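The structure file start.cif is reproduced below (mmCIF, C-alpha atoms).
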```
data_upload
loop_
_atom_site.label_atom_id
_atom_site.label_comp_id
_atom_site.auth_asym_id
_atom_site.auth_seq_id
_atom_site.Cartn_x
_atom_site.Cartn_y
_atom_site.Cartn_z
CA MET U 1 -96.72 122.99 118.35
CA THR U 2 -94.34 125.82 119.20
CA GLU U 3 -90.68 125.18 119.91
CA LEU U 4 -91.03 126.08 123.58
CA GLN U 5 -94.05 123.84 123.95
CA ALA U 6 -92.08 120.96 122.41
CA ILE U 7 -89.22 121.52 124.85
CA GLU U 8 -91.48 121.80 127.87
CA ASN U 9 -93.51 118.72 126.92
CA TRP U 10 -90.30 116.76 126.55
CA LEU U 11 -88.87 118.08 129.83
CA GLN U 12 -92.02 117.22 131.74
CA SER U 13 -92.29 113.72 130.31
CA LYS U 14 -88.57 112.96 130.53
CA LEU U 15 -88.35 113.97 134.19
CA SER U 16 -91.70 112.41 135.17
CA ALA U 17 -90.82 109.09 133.55
CA ASP U 18 -87.58 108.63 135.45
CA PRO U 19 -87.95 106.31 138.47
CA THR U 20 -85.09 107.98 140.40
CA ILE U 21 -86.62 111.42 140.01
CA SER U 22 -90.06 110.06 140.90
CA ARG U 23 -88.67 108.55 144.09
CA TYR U 24 -87.42 111.97 145.20
CA VAL U 25 -90.16 114.34 144.03
CA ASP U 26 -93.20 112.09 143.54
CA GLY U 27 -94.53 113.94 140.48
CA ARG U 28 -93.90 117.43 141.82
CA ILE U 29 -92.46 118.85 138.59
CA TYR U 30 -93.66 122.33 137.72
CA ALA U 31 -93.33 124.85 134.91
CA GLY U 32 -92.59 128.30 136.30
CA LEU U 33 -94.30 128.29 139.66
CA VAL U 34 -94.43 125.78 142.48
CA SER U 35 -98.08 124.91 142.92
CA SER U 36 -98.00 122.74 146.02
CA GLY U 37 -96.55 123.08 149.50
CA SER U 38 -94.55 119.83 149.38
CA TYR U 39 -90.81 119.70 148.85
CA PRO U 40 -88.45 118.83 147.30
CA CYS U 41 -89.75 119.55 143.84
CA ILE U 42 -88.44 120.38 140.39
CA VAL U 43 -89.14 123.70 138.68
CA TYR U 44 -88.20 124.61 135.13
CA ASP U 45 -88.56 127.97 133.45
CA SER U 46 -87.58 129.54 130.16
CA LEU U 47 -84.81 132.16 130.15
CA ASP U 48 -84.28 134.35 127.12
CA PRO U 49 -85.40 132.23 124.13
CA ARG U 50 -84.35 133.62 120.77
CA ASP U 51 -84.52 132.73 117.11
CA ILE U 52 -81.49 132.21 114.93
CA VAL U 53 -82.42 133.89 111.67
CA GLY U 54 -80.56 133.50 108.39
CA VAL U 55 -80.59 135.78 105.35
CA GLY U 56 -83.96 137.47 104.95
CA SER U 57 -86.59 135.97 107.17
CA VAL U 58 -85.39 132.37 107.11
CA ARG U 59 -85.57 130.97 110.62
CA ILE U 60 -82.82 128.41 111.05
CA ALA U 61 -83.39 127.34 114.63
CA THR U 62 -84.57 128.49 118.04
CA ALA U 63 -82.14 128.65 120.92
CA ALA U 64 -83.77 128.56 124.33
CA MET U 65 -82.19 128.58 127.74
CA TYR U 66 -84.07 126.74 130.47
CA LEU U 67 -83.38 126.86 134.16
CA VAL U 68 -84.12 123.41 135.55
CA LYS U 69 -83.71 123.26 139.31
CA ALA U 70 -84.50 121.09 142.28
CA VAL U 71 -86.00 123.15 145.10
CA GLY U 72 -85.97 122.17 148.76
CA LYS U 73 -86.21 123.57 152.24
CA ASP U 74 -83.85 121.37 154.20
CA GLY U 75 -80.43 122.19 152.86
CA PHE U 76 -78.56 121.19 149.77
CA SER U 77 -78.05 117.56 150.78
CA ASP U 78 -81.69 116.83 149.93
CA ILE U 79 -81.63 118.37 146.50
CA ASP U 80 -78.10 117.58 145.31
CA PRO U 81 -78.95 114.01 144.19
CA ILE U 82 -81.97 115.34 142.28
CA ALA U 83 -79.86 117.99 140.55
CA ALA U 84 -77.29 115.32 139.63
CA ARG U 85 -79.99 113.08 138.18
CA ILE U 86 -81.52 115.98 136.22
CA ASP U 87 -78.12 116.57 134.67
CA GLU U 88 -77.69 112.89 133.78
CA LEU U 89 -81.03 112.98 131.98
CA LEU U 90 -80.71 116.30 130.18
CA HIS U 91 -77.09 116.96 129.34
CA CYS U 92 -76.26 115.97 125.74
CA ALA U 93 -79.81 114.77 125.06
CA ARG U 94 -80.95 114.72 121.42
CA VAL U 95 -84.60 114.31 120.57
CA ASP U 96 -86.26 113.67 117.23
CA LEU U 97 -89.52 115.65 116.99
CA GLY U 98 -90.65 113.96 113.77
CA ASP U 99 -91.20 115.85 110.46
CA GLY U 100 -87.46 116.45 110.31
CA GLY U 101 -87.47 118.54 113.49
CA MET U 102 -85.12 117.81 116.35
CA PHE U 103 -83.60 119.44 119.35
CA SER U 104 -80.50 119.04 121.40
CA CYS U 105 -79.80 120.01 124.99
CA LEU U 106 -76.54 120.95 126.66
CA ARG U 107 -75.87 122.34 130.11
CA ASP U 108 -74.63 125.90 129.78
CA ARG U 109 -73.72 126.27 133.45
CA PRO U 110 -74.65 124.89 136.84
CA PHE U 111 -77.03 126.81 139.07
CA SER U 112 -77.21 127.15 142.83
CA MET U 113 -79.21 129.64 144.87
CA THR U 114 -80.23 130.21 148.47
CA GLU U 115 -83.21 132.51 148.57
CA PRO U 116 -83.39 135.10 151.30
CA PRO U 117 -86.58 134.39 153.25
CA ALA U 118 -89.49 136.69 152.37
CA ALA U 119 -91.00 138.31 155.49
CA GLY U 120 -89.69 135.83 158.07
CA GLY U 121 -90.55 132.84 155.90
CA THR U 122 -88.68 129.71 155.00
CA ILE U 123 -85.27 129.63 153.36
CA TYR U 124 -85.53 127.84 150.04
CA ARG U 125 -82.53 126.36 148.33
CA SER U 126 -82.30 125.37 144.73
CA ARG U 127 -79.72 123.63 142.63
CA GLY U 128 -79.69 122.48 139.04
CA GLY U 129 -78.51 123.89 135.77
CA ILE U 130 -79.15 126.31 132.97
CA TYR U 131 -79.64 124.22 129.83
CA ARG U 132 -79.33 125.42 126.27
CA PHE U 133 -81.83 123.85 123.88
CA LEU U 134 -81.40 124.19 120.16
CA VAL U 135 -84.56 123.39 118.20
CA HIS U 136 -84.46 122.86 114.43
CA ASP U 137 -87.65 122.78 112.39
CA MET T 138 -17.51 146.35 123.55
CA LYS T 139 -19.80 146.62 120.51
CA SER T 140 -19.23 149.38 118.10
CA GLY T 141 -21.35 150.82 115.30
CA VAL T 142 -24.65 152.58 114.98
CA TYR T 143 -27.67 151.28 116.90
CA ASP T 144 -31.34 152.08 116.66
CA VAL T 145 -33.29 150.57 119.49
CA TYR T 146 -36.89 150.15 118.42
CA ASN T 147 -39.03 148.70 121.13
CA ARG T 148 -42.78 149.30 121.02
CA SER T 149 -43.75 146.64 123.55
CA ALA T 150 -44.45 149.10 126.38
CA TRP T 151 -46.54 151.29 124.07
CA ILE T 152 -48.49 148.27 122.78
CA ARG T 153 -49.10 147.06 126.30
CA ARG T 154 -50.43 150.45 127.36
CA ALA T 155 -52.55 150.84 124.23
CA MET T 156 -54.06 147.37 124.67
CA LEU T 157 -54.85 148.07 128.30
CA ASP T 158 -56.51 151.38 127.36
CA SER T 159 -58.46 149.66 124.65
CA ALA T 160 -59.62 146.88 127.00
CA ARG T 161 -60.68 149.49 129.57
CA MET T 162 -62.69 151.37 126.93
CA ALA T 163 -64.34 148.15 125.78
CA ALA T 164 -65.23 147.12 129.34
CA THR T 165 -66.62 150.56 130.15
CA LYS T 166 -68.73 150.66 127.00
CA ALA T 167 -69.99 147.10 127.59
CA ALA T 168 -70.93 147.93 131.20
CA PHE T 169 -73.00 150.99 130.27
CA ASP T 170 -74.60 149.18 127.33
CA THR T 171 -75.48 146.22 129.57
CA GLU T 172 -76.97 148.53 132.21
CA ALA T 173 -79.15 150.20 129.56
CA GLU T 174 -80.23 146.87 128.04
CA ALA T 175 -80.97 145.36 131.46
CA LYS T 176 -83.20 148.34 132.27
CA LYS T 177 -85.04 147.89 128.97
CA GLU T 178 -85.48 144.15 129.56
CA ILE T 179 -86.70 144.52 133.14
CA THR T 180 -89.20 147.12 131.94
CA LEU T 181 -90.59 144.60 129.47
CA GLN T 182 -90.54 141.72 131.94
CA VAL T 183 -91.82 143.38 135.11
CA TYR T 184 -93.31 146.78 134.44
CA THR T 185 -95.24 146.17 131.23
CA GLY T 186 -98.83 144.93 131.30
CA ALA T 187 -101.06 144.33 134.28
CA PRO T 188 -99.21 143.85 137.58
CA ARG T 189 -99.05 140.27 138.87
CA ASP T 190 -100.23 141.45 142.26
CA PRO T 191 -102.53 144.48 141.82
CA LEU T 192 -102.39 145.23 145.56
CA ASN T 193 -98.60 145.49 145.43
CA PRO T 194 -97.75 146.84 141.99
CA PRO T 195 -94.05 147.05 141.09
CA THR T 196 -92.44 150.23 142.39
CA GLY T 197 -89.61 150.52 139.90
CA ALA T 198 -86.99 150.06 142.63
CA ALA T 199 -85.44 147.03 140.94
CA ARG T 200 -85.00 148.87 137.64
CA ALA T 201 -83.67 151.97 139.37
CA SER T 202 -81.17 149.91 141.37
CA ILE T 203 -79.37 148.51 138.29
CA TYR T 204 -76.00 150.24 138.12
CA ALA T 205 -72.63 150.11 136.42
CA ASN T 206 -69.29 150.70 138.11
CA VAL T 207 -66.37 151.52 135.87
CA PRO T 208 -62.87 152.70 136.85
CA GLY T 209 -63.17 156.15 138.38
CA LYS T 210 -66.96 156.22 138.34
CA SER T 211 -69.49 154.49 140.56
CA GLY T 212 -73.15 154.37 139.66
CA TYR T 213 -74.14 152.76 142.95
CA LYS T 214 -75.00 155.81 145.05
CA ALA T 215 -77.32 157.38 142.50
CA ALA T 216 -79.00 154.02 141.78
CA ALA T 217 -79.41 153.19 145.48
CA SER T 218 -80.89 156.57 146.29
CA GLU T 219 -83.35 156.38 143.40
CA ALA T 220 -84.35 152.82 144.39
CA LYS T 221 -84.88 153.91 148.00
CA GLY T 222 -86.91 156.87 146.77
CA ARG T 223 -89.18 154.54 144.83
CA ASN T 224 -89.48 151.95 147.57
CA PRO T 225 -88.20 153.00 151.01
CA LYS T 226 -88.62 149.41 152.28
CA ALA T 227 -86.32 147.95 149.61
CA VAL T 228 -83.29 146.16 151.04
CA LEU T 229 -80.14 146.92 149.07
CA PHE T 230 -76.95 144.94 148.77
CA ASP T 231 -73.64 146.69 149.35
CA GLU T 232 -71.84 148.09 146.35
CA VAL T 233 -69.88 145.62 144.23
CA PRO T 234 -66.43 147.23 144.22
CA ILE T 235 -63.97 147.31 141.36
CA SER T 236 -60.29 148.05 141.20
CA LYS T 237 -59.38 151.60 142.21
CA LEU T 238 -56.82 151.86 139.40
CA PRO T 239 -58.21 154.21 136.75
CA SER T 240 -56.54 152.20 133.99
CA SER T 241 -57.92 148.85 135.12
CA PRO T 242 -59.84 147.04 132.36
CA GLU T 243 -62.62 146.07 134.71
CA ALA T 244 -66.28 147.00 135.07
CA VAL T 245 -69.28 145.78 137.03
CA VAL T 246 -72.97 145.76 136.24
CA ALA T 247 -75.16 144.78 139.16
CA VAL T 248 -78.62 145.11 140.58
CA GLY T 249 -78.85 146.65 144.04
CA VAL T 250 -82.12 145.29 145.44
CA GLU T 251 -81.77 141.98 147.25
CA TYR T 252 -84.56 140.36 145.23
CA GLY T 253 -82.80 141.06 141.91
CA ALA T 254 -81.83 137.40 141.53
CA ASN T 255 -85.39 136.37 142.40
CA ILE T 256 -86.69 138.33 139.42
CA GLU T 257 -84.02 136.86 137.12
CA PHE T 258 -84.33 133.21 138.17
CA GLY T 259 -87.76 133.05 139.80
CA SER T 260 -88.48 132.59 143.47
CA THR T 261 -90.19 129.95 145.52
CA SER T 262 -90.53 132.08 148.65
CA ARG T 263 -92.07 134.96 146.69
CA ASN T 264 -93.95 132.66 144.29
CA MET T 265 -92.51 134.36 141.24
CA PRO T 266 -91.69 132.89 137.85
CA ALA T 267 -88.33 133.69 136.26
CA ARG T 268 -88.33 137.00 134.39
CA PRO T 269 -84.77 137.27 133.15
CA TYR T 270 -83.38 140.72 132.34
CA MET T 271 -79.62 140.50 132.96
CA GLU T 272 -78.96 137.40 130.86
CA PRO T 273 -80.75 138.83 127.79
CA ALA T 274 -78.91 142.12 128.27
CA VAL T 275 -75.53 140.38 128.39
CA ASN T 276 -76.46 138.27 125.35
CA LYS T 277 -77.32 141.43 123.41
CA VAL T 278 -74.17 143.31 124.35
CA MET T 279 -71.65 140.45 124.04
CA PRO T 280 -71.40 140.45 120.20
CA GLN T 281 -70.91 144.25 120.17
CA PHE T 282 -68.28 143.92 122.90
CA GLU T 283 -66.40 141.28 120.92
CA ARG T 284 -66.54 143.37 117.73
CA PHE T 285 -65.37 146.47 119.61
CA CYS T 286 -62.44 144.56 121.18
CA LEU T 287 -61.41 143.14 117.81
CA GLN T 288 -61.52 146.53 116.09
CA ASN T 289 -59.46 148.10 118.86
CA LEU T 290 -56.96 145.28 118.80
CA LYS T 291 -56.51 145.67 115.04
CA ALA T 292 -56.04 149.42 115.43
CA VAL T 293 -53.40 148.94 118.14
CA LEU T 294 -51.40 146.35 116.21
CA ARG T 295 -51.56 148.12 112.86
#
```

Would you kindly transcribe this structure into structure tokens?
Amino acid sequence: MTELQAIENWLQSKLSADPTISRYVDGRIYAGLVSSGSYPCIVYDSLDPRDIVGVGSVRIATAAMYLVKAVGKDGFSDIDPIAARIDELLHCARVDLGDGGMFSCLRDRPFSMTEPPAAGGTIYRSRGGIYRFLVHD
Amino acid sequence: MKSGVYDVYNRSAWIRRAMLDSARMAATKAAFDTEAEAKKEITLQVYTGAPRDPLNPPTGAARASIYANVPGKSGYKAAASEAKGRNPKAVLFDEVPISKLPSSPEAVVAVGVEYGANIEFGSTSRNMPARPYMEPAVNKVMPQFERFCLQNLKAVLR
């Protein structure tokens, strides 16, 4: 399993398993693209993953930034509680991957965006955080 | 009244000016480096490989609209005109201004097209995944910027 796959599997299962998150988004948790027309939902996507390499070709760890955001159409009041819950679940999380591997997760910075509507469409708002994952083999 | 021989030796004004000059140089270099890196990254992320939407292939306006503003020099006009040339329908943000003082240690790197943030962070309205180009560019340039600042600081205080 690759490092990014491990992170994404954990993100998906961690968020899906939480009853508070489920109450808000009812399983609508997507990697990369929103694939249904129902909102609010949660979208996560990888931003600039990179390896930390030691002397020679020794790979020490992989650092990956993930944008994890709640997306909604009806203003920030709908998505703020979801973003807060995401942060409670992810910030300072440490996960043992077995075989000596583990990763940790810290919020690097909060995220908030109002998207300009494309061609007279809906205004989408998103809020969440950019999380830094550090994966050790 | 004091008497005797005095030698007033005060370098504080010189040090202040030298540090300001050095910070301005570092900011200017970092801005141009970041602009170049961001253009490389966006080329990899958006313009390499098969287009996501073959009917509307990328025009290159986003890459062309990345600009750096440093004291005494604005890259906005050239970037905006090239972006408009590539995609006349592209909506551009206004220029991000910086201090007019030529000695100000300040610089800006920005993307002109209004969907620049949509490319970086993904977009629900445009159904786009995140294809970051500015964050990786900043991450690449930051260590060089820190090294450059440190070297300059050592040179000033020597």

* Hey, which of U:Gly54, U:Pro81, U:Pro49, U:Gly121 ends up closest to Glu272 of chain T? Count only C-alpha atoms. -> U:Pro49

Could I get the residues of chain U with an atom no further than 7 Å from an atom of chain T, each paired with its nearest atom pair and that distance in Å to one decimal, using all atoms listed in the file, sorted by chain and residue number, as a Markdown table?
```
| residue | atom | partner | partner_atom | distance |
| --- | --- | --- | --- | --- |
| U:Gly32 | CA | T:Pro266 | CA | 4.9 |
| U:Leu33 | CA | T:Pro266 | CA | 5.6 |
| U:Val34 | CA | T:Thr261 | CA | 6.7 |
| U:Asp45 | CA | T:Ala267 | CA | 6.4 |
| U:Leu47 | CA | T:Pro269 | CA | 5.9 |
| U:Asp48 | CA | T:Pro273 | CA | 5.7 |
| U:Pro117 | CA | T:Ser262 | CA | 6.5 |
| U:Ala118 | CA | T:Ser262 | CA | 6.0 |
| U:Tyr124 | CA | T:Ser262 | CA | 6.7 |
```

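Residues in contact with segment 76-78 of chain U at 10 Å, where all atoms listed in the file are counted and same-chain residues fewer than 6 positions away are skipped, are listed as Tyr24, Tyr39, Pro40, Ala70, Ser112, Met113, Thr114, Tyr124, Arg125, Ser126 and Arg127 of chain U.
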
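The residues returned by the PyMOL selection byres ((chain U and resi 44) around 7) for this structure are Tyr30, Ala31, Gly32, Ile42, Val43, Asp45, Tyr66, Leu67, Val68 and Lys69 of chain U.
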
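Closest approach to Tyr213 of chain T from the set T:Met156, T:Ala247, T:Leu290, T:Leu181 is made by T:Ala247, with distances taken over only C-alpha atoms.
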
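Applied to this file, the PyMOL selection byres ((chain U and resi 88) around 12) selects the residues U:Lys14, U:Leu15, U:Asp18, U:Thr20, U:Ile21, U:Pro81, U:Ile82, U:Ala83, U:Ala84, U:Arg85, U:Ile86, U:Asp87, U:Leu89, U:Leu90, U:His91, U:Cys92, U:Ala93, U:Cys105, U:Leu106, U:Arg107, U:Gly128, U:Gly129.
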
* To do: Tell me which protein, DNA and RNA residues are within 10 Å of Lys221 of chain T, counting all atoms listed in the file, leaving out same-chain ones fewer than 4 positions away, and put them as a PyMOL selection string.
  => chain T and resi 197-199+201-202+215-217+225-229+250
